[in-house]
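> This is the structure I have questions about; it appears just below.
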Amino acid sequence: MKTIIKNIKEILCITNKGEDSFKKGKEMNTLNSLKDGWISIENEKIKDFGSMDNWPGVDDWNETTIIDANNGIVLPTFCDSHTHCVYAGSRELEFVDRINGLSYEEIAQNGGGILNSAKLLSQTSEEELYEQSKQRIHDLIKLGTGAIEIKSGYGLNMDDEIKMLKVIKRLKENLPIDVKSTFLGAHAVPKSHSQEEYVDLVVNKMIPEIGKHNLADYIDVFCDKGFFTPKETELILKTGLEYGLKGKIHANELAFSGGIETGVKMGAVSVDHLEYTATEQIDILLKSNTIPTLLPGTAFFLELEYPPR
């Protein structure tokens, strides 16, 4: 079955055959587009596109669906490369702490934040967690998201981290959206373990088990003040690579943590947040293939300084 979209005012982000679609730096200021166009789709993939002046028409009307864009704009779906959309319940009570002037780090030290989410998740069944998360993904699809990365990290023990990753796997298998799974066991240190004990658990127990059952595409670490050190982050990412898990890092959200430098050193796919970034870190990133990912919604919500522009 073929689908043709015609009378498109503008097709955004086009790439002609043989062209490299990857852009970085100043190249990102150029947005390729085609005005007054059409798109041909077969087997759920774009087969061809062009100007309405050169529209080839329809070969078989019985096997073709025509969509008239009626002078609308067609663009690719959004790719959300950093999400925590598998979680249980909510943490609205922490707004009171925020109103009273407590910082993100102080709330975490008092057992809130990530640790609070871990407690709620532990009390939630896999089926209920799946149903909650499925609805969130459906909402994101309606808003134009077509590819999404989803992290674990609210388990903080073997059973609950695997529960989260199994839910992500089910979402990947059952929903009409491209999903990538990230193991973020090193999101925080649970109260039941010392920092050293928990890093040992992540490295020697969790990663081998997750790698064995192919439950994740990436591995992530919260390398920041009050969480995991660059040395611990490097060990965790190195172990992840041994099991085929590409590295990502929560870096420099709360301080100049060394997360950016560690990410580049370890060849991480991306370093995310980056509220604390200076010229030195920017120069390091410019010389690497590690992608800097800004999360302005986080900075807005937590009332942090925005990364430099």
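Just remember, in the structure tokens the first chain shown is A, the second B, etc., residues are 1-based per chain, and ligands are 1-based in the order shown.
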Give me, as a tab-separated table (two decimals) with C-alpha atoms, in the first residue's frame, all polymer residues having an atom no more than 7 Å from region 255-270 of chain A, counting only C-alpha atoms and skipping those fewer than 4 positions away in the same chain.


chain	number	residue	atom	x	y	z
A	223	CYS	CA	28.03	12.62	37.82
A	224	ASP	CA	27.51	15.66	40.00
A	225	LYS	CA	27.93	17.25	43.42
A	230	PRO	CA	34.20	11.32	38.01
A	234	GLU	CA	34.42	6.30	34.70
A	246	LYS	CA	27.00	3.01	25.29
A	247	GLY	CA	27.67	5.76	27.81
A	248	LYS	CA	25.62	8.85	28.65
A	249	ILE	CA	26.07	11.20	31.60
A	251	ALA	CA	26.69	16.19	34.01
A	276	TYR	CA	27.55	24.65	35.01
A	281	GLN	CA	34.23	22.73	28.94
A	288	SER	CA	34.90	15.67	20.67
A	290	THR	CA	30.11	13.80	22.50
A	291	ILE	CA	26.79	15.63	22.10
A	292	PRO	CA	25.98	18.38	24.64
A	293	THR	CA	22.29	18.15	25.55

> Env of Asn43 (chain A): 12 Å cut, atoms = only C-alpha atoms, seq-sep filter 6 positions within chain, self excluded. Answer as a PDB file with C-alpha atoms, in the first residue's frame.


ATOM      1  CA  MET A   1       0.000   0.000   0.000  1.00  0.00           C
ATOM      2  CA  LYS A   2       1.257   3.460  -0.936  1.00  0.00           C
ATOM      3  CA  THR A   3       0.477   6.794   0.710  1.00  0.00           C
ATOM      4  CA  THR A  64      -2.900   4.384  -2.976  1.00  0.00           C
TER       5      THR A  64
END

> Which distance in Å separates CA of Asn7 (chain A) and CA of Ile67 (chain A), to one decimal?

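We find that CA of Asn7 (chain A) and CA of Ile67 (chain A) lie 8.8 Å from each other.
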
> So that I can see what lies close to region 166-170 of chain A, please list as JSON, numbers by chain the residues with an atom at most 8 Å from it, counting only C-alpha atoms and leaving out residues fewer than 5 positions away in the same chain.

{"A": [86, 126, 129, 130, 150, 179, 181, 215]}

> Which residue out of A:Leu31, A:Ala147, A:Met164, A:Ile5 has the minimum interatomic distance to Lys180 (chain A) when only C-alpha atoms are used?

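That would be A:Ala147, the residue with the smallest distance to Lys180 (chain A).
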
> Taking 6 positions as the minimum chain separation for residues in the same chain, which residues sit within 12 Å of Gln195 (chain A) when counting only C-alpha atoms? Answer as a PyMOL selection string.

chain A and resi 186-189+201-202+226-229+232

> Keeping only N, CA and C atoms, write the selected residues to a file as a tab-separated table (two decimals), in the first residue's frame.


chain	number	residue	atom	x	y	z
A	186	ALA	N	22.92	4.22	38.55
A	186	ALA	CA	23.72	5.21	39.28
A	186	ALA	C	23.07	6.58	39.20
A	187	HIS	N	21.84	6.64	39.67
A	187	HIS	CA	21.07	7.89	39.69
A	187	HIS	C	21.19	8.57	41.05
A	188	ALA	N	21.31	7.76	42.09
A	188	ALA	CA	21.48	8.24	43.47
A	188	ALA	C	21.93	7.04	44.29
A	189	VAL	N	22.36	7.29	45.52
A	189	VAL	CA	22.76	6.21	46.43
A	189	VAL	C	21.63	5.97	47.42
A	201	LEU	N	27.77	-2.64	43.81
A	201	LEU	CA	26.56	-3.36	43.39
A	201	LEU	C	26.23	-3.07	41.93
A	202	VAL	N	26.30	-1.81	41.53
A	202	VAL	CA	26.00	-1.43	40.15
A	202	VAL	C	26.99	-2.10	39.19
A	226	GLY	N	27.32	15.73	45.22
A	226	GLY	CA	26.39	15.01	46.08
A	226	GLY	C	25.91	13.69	45.52
A	227	PHE	N	26.39	13.32	44.32
A	227	PHE	CA	25.94	12.07	43.72
A	227	PHE	C	27.15	11.18	43.40
A	228	PHE	N	27.59	11.07	42.15
A	228	PHE	CA	28.69	10.18	41.81
A	228	PHE	C	29.89	10.98	41.30
A	229	THR	N	31.09	10.54	41.69
A	229	THR	CA	32.32	11.24	41.34
A	229	THR	C	32.77	10.87	39.93
A	232	GLU	N	34.16	7.31	39.95
A	232	GLU	CA	33.10	6.30	39.99
A	232	GLU	C	32.37	6.23	38.65

> Running DSSP on the backbone, which parts of region 143-217 of chain A land in strand (DSSP E or B), as a compact mmCIF listing (two decimals) with C-alpha atoms, in the first residue's frame?


# COMPACT_ATOMS: atom_id res chain seq x y z
CA THR A 145 7.24 12.82 19.55
CA GLY A 146 8.25 9.89 17.33
CA ALA A 147 11.44 8.66 19.02
CA ILE A 148 12.25 8.62 22.71
CA GLU A 149 14.95 7.54 25.14
CA ILE A 150 13.66 6.28 28.52
CA LYS A 151 15.82 5.85 31.62
CA ASP A 178 10.93 4.24 18.48
CA VAL A 179 12.22 3.63 22.03
CA LYS A 180 15.78 3.42 23.36
CA SER A 181 16.38 2.10 26.87
CA THR A 182 18.96 3.48 29.31
CA PHE A 183 20.11 1.86 32.55
CA LEU A 184 20.54 4.62 35.14
CA GLY A 185 21.15 2.58 38.27
CA ALA A 186 23.72 5.21 39.28
